[in-house]
file entry-v8.pdb (PDB, N, CA and C atoms)
ATOM      1  N   MET A   1     -51.290  -2.888 -23.911
ATOM      2  CA  MET A   1     -51.695  -2.059 -22.792
ATOM      3  C   MET A   1     -50.442  -1.400 -22.199
ATOM      4  N   ARG A   2     -50.448  -0.088 -22.146
ATOM      5  CA  ARG A   2     -49.340   0.675 -21.600
ATOM      6  C   ARG A   2     -49.543   0.876 -20.101
ATOM      7  N   LYS A   3     -48.484   0.691 -19.331
ATOM      8  CA  LYS A   3     -48.570   0.891 -17.891
ATOM      9  C   LYS A   3     -48.414   2.367 -17.568
ATOM     10  N   SER A   4     -49.027   2.786 -16.480
ATOM     11  CA  SER A   4     -48.852   4.170 -16.037
ATOM     12  C   SER A   4     -47.419   4.338 -15.545
ATOM     13  N   LYS A   5     -46.954   5.585 -15.524
ATOM     14  CA  LYS A   5     -45.582   5.829 -15.062
ATOM     15  C   LYS A   5     -45.439   5.460 -13.582
ATOM     16  N   PHE A   6     -46.539   5.532 -12.839
ATOM     17  CA  PHE A   6     -46.489   5.195 -11.414
ATOM     18  C   PHE A   6     -46.357   3.683 -11.218
ATOM     19  N   THR A   7     -47.089   2.928 -12.013
ATOM     20  CA  THR A   7     -46.993   1.471 -11.956
ATOM     21  C   THR A   7     -45.606   1.023 -12.385
ATOM     22  N   SER A   8     -45.086   1.620 -13.443
ATOM     23  CA  SER A   8     -43.747   1.273 -13.928
ATOM     24  C   SER A   8     -42.685   1.575 -12.880
ATOM     25  N   ARG A   9     -42.785   2.742 -12.245
ATOM     26  CA  ARG A   9     -41.795   3.116 -11.225
ATOM     27  C   ARG A   9     -41.873   2.185 -10.022
ATOM     28  N   LEU A  10     -43.086   1.863  -9.584
ATOM     29  CA  LEU A  10     -43.258   0.968  -8.442
ATOM     30  C   LEU A  10     -42.639  -0.399  -8.743
ATOM     31  N   GLU A  11     -42.894  -0.923  -9.933
ATOM     32  CA  GLU A  11     -42.334  -2.222 -10.319
ATOM     33  C   GLU A  11     -40.812  -2.159 -10.424
ATOM     34  N   LYS A  12     -40.299  -1.073 -10.967
ATOM     35  CA  LYS A  12     -38.852  -0.929 -11.141
ATOM     36  C   LYS A  12     -38.134  -0.851  -9.794
ATOM     37  N   GLU A  13     -38.683  -0.045  -8.879
ATOM     38  CA  GLU A  13     -38.014   0.178  -7.604
ATOM     39  C   GLU A  13     -38.274  -0.907  -6.565
ATOM     40  N   TYR A  14     -39.452  -1.537  -6.615
ATOM     41  CA  TYR A  14     -39.823  -2.468  -5.547
ATOM     42  C   TYR A  14     -40.257  -3.844  -6.037
ATOM     43  N   GLY A  15     -40.275  -4.057  -7.339
ATOM     44  CA  GLY A  15     -40.792  -5.306  -7.903
ATOM     45  C   GLY A  15     -40.181  -6.560  -7.327
ATOM     46  N   ASP A  16     -38.851  -6.577  -7.167
ATOM     47  CA  ASP A  16     -38.190  -7.782  -6.663
ATOM     48  C   ASP A  16     -38.333  -7.927  -5.147
ATOM     49  N   LYS A  17     -38.725  -6.859  -4.453
ATOM     50  CA  LYS A  17     -38.883  -6.898  -2.999
ATOM     51  C   LYS A  17     -40.302  -7.274  -2.577
ATOM     52  N   LEU A  18     -41.254  -7.090  -3.477
ATOM     53  CA  LEU A  18     -42.652  -7.364  -3.159
ATOM     54  C   LEU A  18     -43.004  -8.815  -3.440
ATOM     55  N   LYS A  19     -43.660  -9.455  -2.486
ATOM     56  CA  LYS A  19     -44.113 -10.832  -2.691
ATOM     57  C   LYS A  19     -45.279 -10.863  -3.664
ATOM     58  N   SER A  20     -46.166  -9.885  -3.529
ATOM     59  CA  SER A  20     -47.301  -9.766  -4.441
ATOM     60  C   SER A  20     -47.743  -8.307  -4.475
ATOM     61  N   LYS A  21     -48.617  -7.988  -5.420
ATOM     62  CA  LYS A  21     -49.111  -6.623  -5.549
ATOM     63  C   LYS A  21     -50.520  -6.487  -4.971
ATOM     64  N   SER A  22     -50.888  -7.405  -4.094
ATOM     65  CA  SER A  22     -52.205  -7.321  -3.465
ATOM     66  C   SER A  22     -52.239  -6.101  -2.546
ATOM     67  N   LYS A  23     -53.417  -5.558  -2.336
ATOM     68  CA  LYS A  23     -53.541  -4.401  -1.447
ATOM     69  C   LYS A  23     -53.031  -4.733  -0.049
ATOM     70  N   THR A  24     -53.333  -5.922   0.430
ATOM     71  CA  THR A  24     -52.899  -6.334   1.771
ATOM     72  C   THR A  24     -51.380  -6.326   1.868
ATOM     73  N   ASN A  25     -50.714  -6.892   0.891
ATOM     74  CA  ASN A  25     -49.261  -6.945   0.903
ATOM     75  C   ASN A  25     -48.653  -5.545   0.764
ATOM     76  N   LEU A  26     -49.227  -4.717  -0.125
ATOM     77  CA  LEU A  26     -48.724  -3.352  -0.300
ATOM     78  C   LEU A  26     -48.892  -2.556   0.989
ATOM     79  N   SER A  27     -50.010  -2.745   1.672
ATOM     80  CA  SER A  27     -50.275  -2.059   2.930
ATOM     81  C   SER A  27     -49.209  -2.406   3.973
ATOM     82  N   LYS A  28     -48.901  -3.678   4.108
ATOM     83  CA  LYS A  28     -47.899  -4.127   5.078
ATOM     84  C   LYS A  28     -46.504  -3.657   4.689
ATOM     85  N   PHE A  29     -46.142  -3.833   3.428
ATOM     86  CA  PHE A  29     -44.793  -3.510   2.963
ATOM     87  C   PHE A  29     -44.479  -2.028   3.124
ATOM     88  N   PHE A  30     -45.422  -1.162   2.740
ATOM     89  CA  PHE A  30     -45.181   0.280   2.777
ATOM     90  C   PHE A  30     -45.691   0.939   4.061
ATOM     91  N   LYS A  31     -46.252   0.129   4.972
ATOM     92  CA  LYS A  31     -46.771   0.626   6.251
ATOM     93  C   LYS A  31     -47.786   1.756   6.043
ATOM     94  N   ILE A  32     -48.717   1.480   5.140
ATOM     95  CA  ILE A  32     -49.828   2.388   4.861
ATOM     96  C   ILE A  32     -51.097   1.643   5.261
ATOM     97  N   PRO A  33     -51.919   2.239   6.122
ATOM     98  CA  PRO A  33     -53.143   1.547   6.545
ATOM     99  C   PRO A  33     -54.009   1.116   5.355
ATOM    100  N   MET A  34     -54.568  -0.058   5.479
ATOM    101  CA  MET A  34     -55.421  -0.613   4.429
ATOM    102  C   MET A  34     -56.589   0.322   4.110
ATOM    103  N   SER A  35     -57.104   0.999   5.124
ATOM    104  CA  SER A  35     -58.233   1.914   4.907
ATOM    105  C   SER A  35     -57.855   3.041   3.939
ATOM    106  N   ILE A  36     -56.624   3.503   3.991
ATOM    107  CA  ILE A  36     -56.175   4.566   3.091
ATOM    108  C   ILE A  36     -56.050   4.025   1.665
ATOM    109  N   LEU A  37     -55.501   2.824   1.515
ATOM    110  CA  LEU A  37     -55.408   2.227   0.177
ATOM    111  C   LEU A  37     -56.799   1.985  -0.396
ATOM    112  N   ASN A  38     -57.724   1.540   0.431
ATOM    113  CA  ASN A  38     -59.101   1.333  -0.038
ATOM    114  C   ASN A  38     -59.748   2.647  -0.449
ATOM    115  N   ASP A  39     -59.494   3.704   0.321
ATOM    116  CA  ASP A  39     -60.060   5.020  -0.011
ATOM    117  C   ASP A  39     -59.555   5.516  -1.363
ATOM    118  N   VAL A  40     -58.249   5.431  -1.581
ATOM    119  CA  VAL A  40     -57.703   5.933  -2.850
ATOM    120  C   VAL A  40     -58.146   5.043  -4.014
ATOM    121  N   TYR A  41     -58.259   3.747  -3.780
ATOM    122  CA  TYR A  41     -58.745   2.838  -4.821
ATOM    123  C   TYR A  41     -60.179   3.215  -5.203
ATOM    124  N   ASP A  42     -61.016   3.440  -4.199
ATOM    125  CA  ASP A  42     -62.409   3.818  -4.452
ATOM    126  C   ASP A  42     -62.504   5.143  -5.190
ATOM    127  N   ARG A  43     -61.625   6.074  -4.875
ATOM    128  CA  ARG A  43     -61.600   7.355  -5.590
ATOM    129  C   ARG A  43     -61.223   7.136  -7.057
ATOM    130  N   GLY A  44     -60.307   6.221  -7.304
ATOM    131  CA  GLY A  44     -59.915   5.913  -8.678
ATOM    132  C   GLY A  44     -61.058   5.310  -9.473
ATOM    133  N   VAL A  45     -61.786   4.391  -8.854
ATOM    134  CA  VAL A  45     -62.953   3.787  -9.503
ATOM    135  C   VAL A  45     -63.993   4.864  -9.802
ATOM    136  N   GLY A  46     -64.228   5.730  -8.821
ATOM    137  CA  GLY A  46     -65.200   6.812  -8.993
ATOM    138  C   GLY A  46     -64.803   7.766 -10.103
ATOM    139  N   ALA A  47     -63.525   8.094 -10.164
ATOM    140  CA  ALA A  47     -63.041   9.003 -11.206
ATOM    141  C   ALA A  47     -63.220   8.371 -12.589
ATOM    142  N   TYR A  48     -62.940   7.082 -12.669
ATOM    143  CA  TYR A  48     -63.097   6.370 -13.947
ATOM    144  C   TYR A  48     -64.560   6.372 -14.385
ATOM    145  N   ARG A  49     -65.448   6.086 -13.453
ATOM    146  CA  ARG A  49     -66.874   5.987 -13.785
ATOM    147  C   ARG A  49     -67.510   7.348 -14.075
ATOM    148  N   ASN A  50     -67.101   8.373 -13.357
ATOM    149  CA  ASN A  50     -67.745   9.676 -13.472
ATOM    150  C   ASN A  50     -67.240  10.539 -14.613
ATOM    151  N   ASN A  51     -66.084  10.232 -15.143
ATOM    152  CA  ASN A  51     -65.559  11.052 -16.228
ATOM    153  C   ASN A  51     -64.840  10.185 -17.260
ATOM    154  N   PRO A  52     -65.570   9.286 -17.898
ATOM    155  CA  PRO A  52     -64.931   8.355 -18.832
ATOM    156  C   PRO A  52     -64.269   9.039 -20.029
ATOM    157  N   SER A  53     -64.679  10.244 -20.354
ATOM    158  CA  SER A  53     -64.071  10.931 -21.502
ATOM    159  C   SER A  53     -62.638  11.372 -21.210
ATOM    160  N   SER A  54     -62.263  11.469 -19.919
ATOM    161  CA  SER A  54     -60.902  11.883 -19.583
ATOM    162  C   SER A  54     -59.946  10.698 -19.451
ATOM    163  N   VAL A  55     -60.460   9.479 -19.575
ATOM    164  CA  VAL A  55     -59.636   8.283 -19.445
ATOM    165  C   VAL A  55     -58.872   8.043 -20.750
ATOM    166  N   ARG A  56     -57.575   7.784 -20.607
ATOM    167  CA  ARG A  56     -56.741   7.530 -21.791
ATOM    168  C   ARG A  56     -57.187   6.266 -22.529
ATOM    169  N   LYS A  57     -56.933   6.227 -23.805
ATOM    170  CA  LYS A  57     -57.384   5.116 -24.654
ATOM    171  C   LYS A  57     -56.868   3.752 -24.213
ATOM    172  N   GLY A  58     -55.666   3.668 -23.697
ATOM    173  CA  GLY A  58     -55.072   2.381 -23.347
ATOM    174  C   GLY A  58     -55.591   1.763 -22.065
ATOM    175  N   VAL A  59     -56.420   2.481 -21.324
ATOM    176  CA  VAL A  59     -56.919   1.973 -20.048
ATOM    177  C   VAL A  59     -58.074   1.014 -20.306
ATOM    178  N   SER A  60     -57.930  -0.213 -19.770
ATOM    179  CA  SER A  60     -58.902  -1.257 -20.089
ATOM    180  C   SER A  60     -60.070  -1.342 -19.104
ATOM    181  N   GLY A  61     -59.977  -0.649 -17.980
ATOM    182  CA  GLY A  61     -61.089  -0.731 -17.039
ATOM    183  C   GLY A  61     -60.829   0.055 -15.774
ATOM    184  N   GLU A  62     -61.844   0.096 -14.936
ATOM    185  CA  GLU A  62     -61.760   0.886 -13.712
ATOM    186  C   GLU A  62     -60.713   0.354 -12.743
ATOM    187  N   ASP A  63     -60.494  -0.967 -12.723
ATOM    188  CA  ASP A  63     -59.486  -1.535 -11.834
ATOM    189  C   ASP A  63     -58.097  -1.029 -12.209
ATOM    190  N   GLN A  64     -57.809  -0.994 -13.489
ATOM    191  CA  GLN A  64     -56.504  -0.526 -13.951
ATOM    192  C   GLN A  64     -56.294   0.950 -13.572
ATOM    193  N   TRP A  65     -57.327   1.752 -13.738
ATOM    194  CA  TRP A  65     -57.253   3.172 -13.396
ATOM    195  C   TRP A  65     -57.053   3.352 -11.880
ATOM    196  N   ALA A  66     -57.819   2.590 -11.103
ATOM    197  CA  ALA A  66     -57.742   2.696  -9.644
ATOM    198  C   ALA A  66     -56.398   2.198  -9.115
ATOM    199  N   ARG A  67     -55.869   1.133  -9.691
ATOM    200  CA  ARG A  67     -54.564   0.601  -9.271
ATOM    201  C   ARG A  67     -53.456   1.610  -9.536
ATOM    202  N   ALA A  68     -53.511   2.269 -10.690
ATOM    203  CA  ALA A  68     -52.496   3.279 -11.004
ATOM    204  C   ALA A  68     -52.570   4.431 -10.005
ATOM    205  N   ARG A  69     -53.773   4.832  -9.630
ATOM    206  CA  ARG A  69     -53.938   5.913  -8.655
ATOM    207  C   ARG A  69     -53.421   5.473  -7.285
ATOM    208  N   MET A  70     -53.653   4.216  -6.942
ATOM    209  CA  MET A  70     -53.151   3.679  -5.684
ATOM    210  C   MET A  70     -51.620   3.638  -5.690
ATOM    211  N   ASN A  71     -51.033   3.225  -6.817
ATOM    212  CA  ASN A  71     -49.576   3.197  -6.929
ATOM    213  C   ASN A  71     -48.994   4.600  -6.807
ATOM    214  N   LYS A  72     -49.682   5.577  -7.380
ATOM    215  CA  LYS A  72     -49.235   6.962  -7.277
ATOM    216  C   LYS A  72     -49.233   7.407  -5.817
ATOM    217  N   LEU A  73     -50.282   7.077  -5.086
ATOM    218  CA  LEU A  73     -50.342   7.433  -3.669
ATOM    219  C   LEU A  73     -49.193   6.793  -2.904
ATOM    220  N   ILE A  74     -48.942   5.525  -3.143
ATOM    221  CA  ILE A  74     -47.858   4.821  -2.449
ATOM    222  C   ILE A  74     -46.530   5.525  -2.698
ATOM    223  N   LEU A  75     -46.246   5.846  -3.946
ATOM    224  CA  LEU A  75     -44.986   6.510  -4.278
ATOM    225  C   LEU A  75     -44.908   7.907  -3.674
ATOM    226  N   ASN A  76     -46.029   8.615  -3.637
ATOM    227  CA  ASN A  76     -46.043   9.933  -2.999
ATOM    228  C   ASN A  76     -45.764   9.819  -1.503
ATOM    229  N   VAL A  77     -46.335   8.828  -0.849
ATOM    230  CA  VAL A  77     -46.087   8.612   0.580
ATOM    231  C   VAL A  77     -44.605   8.303   0.803
ATOM    232  N   VAL A  78     -44.038   7.433  -0.013
ATOM    233  CA  VAL A  78     -42.621   7.082   0.104
ATOM    234  C   VAL A  78     -41.758   8.333  -0.065
ATOM    235  N   ASP A  79     -42.064   9.155  -1.070
ATOM    236  CA  ASP A  79     -41.285  10.364  -1.336
ATOM    237  C   ASP A  79     -41.421  11.398  -0.222
ATOM    238  N   VAL A  80     -42.620  11.562   0.318
ATOM    239  CA  VAL A  80     -42.830  12.516   1.422
ATOM    240  C   VAL A  80     -42.082  12.038   2.662
ATOM    241  N   ARG A  81     -42.165  10.766   2.967
ATOM    242  CA  ARG A  81     -41.458  10.224   4.135
ATOM    243  C   ARG A  81     -39.948  10.402   4.008
ATOM    244  N   ALA A  82     -39.429  10.283   2.791
ATOM    245  CA  ALA A  82     -37.986  10.418   2.547
ATOM    246  C   ALA A  82     -37.551  11.876   2.439
ATOM    247  N   GLY A  83     -38.505  12.792   2.453
ATOM    248  CA  GLY A  83     -38.184  14.209   2.347
ATOM    249  C   GLY A  83     -37.896  14.673   0.932
ATOM    250  N   LYS A  84     -38.236  13.853  -0.060
ATOM    251  CA  LYS A  84     -37.988  14.194  -1.466
ATOM    252  C   LYS A  84     -39.076  15.078  -2.058
ATOM    253  N   LYS A  85     -40.214  15.127  -1.401
ATOM    254  CA  LYS A  85     -41.380  15.785  -1.971
ATOM    255  C   LYS A  85     -42.244  16.364  -0.862
ATOM    256  N   LYS A  86     -42.975  17.416  -1.193
ATOM    257  CA  LYS A  86     -43.982  17.951  -0.279
ATOM    258  C   LYS A  86     -45.341  17.392  -0.685
ATOM    259  N   ILE A  87     -46.281  17.430   0.220
ATOM    260  CA  ILE A  87     -47.626  16.924  -0.059
ATOM    261  C   ILE A  87     -48.328  17.866  -1.031
ATOM    262  N   ASN A  88     -48.861  17.297  -2.104
ATOM    263  CA  ASN A  88     -49.580  18.063  -3.126
ATOM    264  C   ASN A  88     -51.076  17.987  -2.813
ATOM    265  N   ASN A  89     -51.652  19.123  -2.421
ATOM    266  CA  ASN A  89     -53.071  19.152  -2.058
ATOM    267  C   ASN A  89     -53.966  19.676  -3.172
ATOM    268  N   LYS A  90     -53.472  19.689  -4.397
ATOM    269  CA  LYS A  90     -54.299  20.125  -5.524
ATOM    270  C   LYS A  90     -55.363  19.070  -5.813
ATOM    271  N   PRO A  91     -56.455  19.467  -6.472
ATOM    272  CA  PRO A  91     -57.522  18.505  -6.782
ATOM    273  C   PRO A  91     -56.994  17.271  -7.547
ATOM    274  N   GLY A  92     -57.460  16.100  -7.152
ATOM    275  CA  GLY A  92     -57.098  14.857  -7.818
ATOM    276  C   GLY A  92     -55.752  14.289  -7.420
ATOM    277  N   GLN A  93     -55.100  14.905  -6.431
ATOM    278  CA  GLN A  93     -53.773  14.441  -6.025
ATOM    279  C   GLN A  93     -53.770  13.619  -4.735
ATOM    280  N   ASP A  94     -54.915  13.503  -4.095
ATOM    281  CA  ASP A  94     -55.064  12.706  -2.877
ATOM    282  C   ASP A  94     -54.126  13.138  -1.753
ATOM    283  N   GLY A  95     -53.860  14.437  -1.688
ATOM    284  CA  GLY A  95     -52.974  14.968  -0.659
ATOM    285  C   GLY A  95     -53.460  14.701   0.750
ATOM    286  N   ASP A  96     -54.780  14.694   0.949
ATOM    287  CA  ASP A  96     -55.322  14.411   2.278
ATOM    288  C   ASP A  96     -54.970  12.998   2.725
ATOM    289  N   LEU A  97     -54.984  12.052   1.792
ATOM    290  CA  LEU A  97     -54.646  10.670   2.137
ATOM    291  C   LEU A  97     -53.139  10.491   2.329
ATOM    292  N   VAL A  98     -52.353  11.205   1.542
ATOM    293  CA  VAL A  98     -50.898  11.167   1.720
ATOM    294  C   VAL A  98     -50.558  11.712   3.108
ATOM    295  N   GLU A  99     -51.222  12.779   3.477
ATOM    296  CA  GLU A  99     -50.985  13.377   4.802
ATOM    297  C   GLU A  99     -51.346  12.397   5.915
ATOM    298  N   LYS A 100     -52.490  11.730   5.791
ATOM    299  CA  LYS A 100     -52.889  10.721   6.795
ATOM    300  C   LYS A 100     -51.855   9.606   6.892
ATOM    301  N   ALA A 101     -51.393   9.132   5.745
ATOM    302  CA  ALA A 101     -50.454   8.008   5.717
ATOM    303  C   ALA A 101     -49.084   8.385   6.269
ATOM    304  N   THR A 102     -48.665   9.623   6.069
ATOM    305  CA  THR A 102     -47.351  10.028   6.546
ATOM    306  C   THR A 102     -47.364  10.389   8.026
ATOM    307  N   LYS A 103     -48.518  10.727   8.560
ATOM    308  CA  LYS A 103     -48.608  11.035   9.989
ATOM    309  C   LYS A 103     -48.649   9.771  10.833
ATOM    310  N   ARG A 104     -49.137   8.668  10.247
ATOM    311  CA  ARG A 104     -49.266   7.393  10.959
ATOM    312  C   ARG A 104     -48.130   6.481  10.535
ATOM    313  N   LYS A 105     -47.046   6.494  11.211
ATOM    314  CA  LYS A 105     -45.949   5.601  10.814
ATOM    315  C   LYS A 105     -46.033   4.365  11.581
TER
END
call {"tool": "encode", "arguments": {"input": "entry-v8.pdb", "output": "structure tokens"}}
result
Amino acid sequence: MRKSKFTSRLEKEYGDKLKSKSKTNLSKFFKIPMSILNDVYDRGVGAYRNNPSSVRKGVSGEDQWARARMNKLILNVVDVRAGKKKINNKPGQDGDLVEKATKRK
């Protein structure tokens, strides 16, 4: 099973600092409201279920797809807060959730 580039980056940059990869712990560590993580996770599950033909072969289930999408959101929030990136509001990029998370520090 191949990890997404977002999961790999999150593990590389924060793996030793994180106690666990639970949503609760990620929410506290990155100061992102749990409701936003739940929203992006649910969108990932929905995307997996509604368009299975677009899912890469190595993806073993909806949880894996949703977790990768959640990790992508976390990294986007970190990058926007650091001024490294602008919010991407294109379809499938969860820009609305990144915007919510960056406004609520």
call {"tool": "residues_around", "arguments": {"input": "entry-v8.pdb", "residues": "Lys23 in chain A", "least_positions_apart": "3", "cutoff": "8 Å", "atoms": "only N, CA and C atoms", "output": "list in words"}}
result
Ser20, Leu26, Ser27, Lys28, Phe29, Met34, Leu37 and Asn38 of chain A
call {"tool": "residues_around", "arguments": {"input": "entry-v8.pdb", "residues": "range 84-101 of chain A", "least_positions_apart": "5", "cutoff": "6.5 Å", "atoms": "all atoms listed in the file", "output": "tab-separated table (two decimals) with N, CA and C atoms, in the coordinates of the input"}}
result
chain	number	residue	atom	x	y	z
A	32	ILE	N	-48.72	1.48	5.14
A	32	ILE	CA	-49.83	2.39	4.86
A	32	ILE	C	-51.10	1.64	5.26
A	33	PRO	N	-51.92	2.24	6.12
A	33	PRO	CA	-53.14	1.55	6.54
A	33	PRO	C	-54.01	1.12	5.36
A	36	ILE	N	-56.62	3.50	3.99
A	36	ILE	CA	-56.18	4.57	3.09
A	36	ILE	C	-56.05	4.03	1.66
A	76	ASN	N	-46.03	8.62	-3.64
A	76	ASN	CA	-46.04	9.93	-3.00
A	76	ASN	C	-45.76	9.82	-1.50
A	77	VAL	N	-46.34	8.83	-0.85
A	77	VAL	CA	-46.09	8.61	0.58
A	77	VAL	C	-44.60	8.30	0.80
A	79	ASP	N	-42.06	9.15	-1.07
A	79	ASP	CA	-41.28	10.36	-1.34
A	79	ASP	C	-41.42	11.40	-0.22
call {"tool": "closest_residue", "arguments": {"input": "entry-v8.pdb", "among": "A:Lys31, A:Tyr14, A:Gly44, A:Asn25", "to": "Ala68 in chain A", "atoms": "all atoms listed in the file"}}
result
A:Gly44
call {"tool": "atom_distance", "arguments": {"input": "entry-v8.pdb", "atom1": "CA of Thr24 in chain A", "atom2": "CA of Gly83 in chain A"}}
result
25.3 Å
call {"tool": "atom_distance", "arguments": {"input": "entry-v8.pdb", "atom1": "CA of Gly61 in chain A", "atom2": "CA of Gly15 in chain A"}}
result
22.7 Å
call {"tool": "closest_residue", "arguments": {"input": "entry-v8.pdb", "among": "A:Gln64, A:Ser8, A:Ser35, A:Asn71", "to": "Ala47 in chain A", "atoms": "only C-alpha atoms"}}
result
A:Gln64
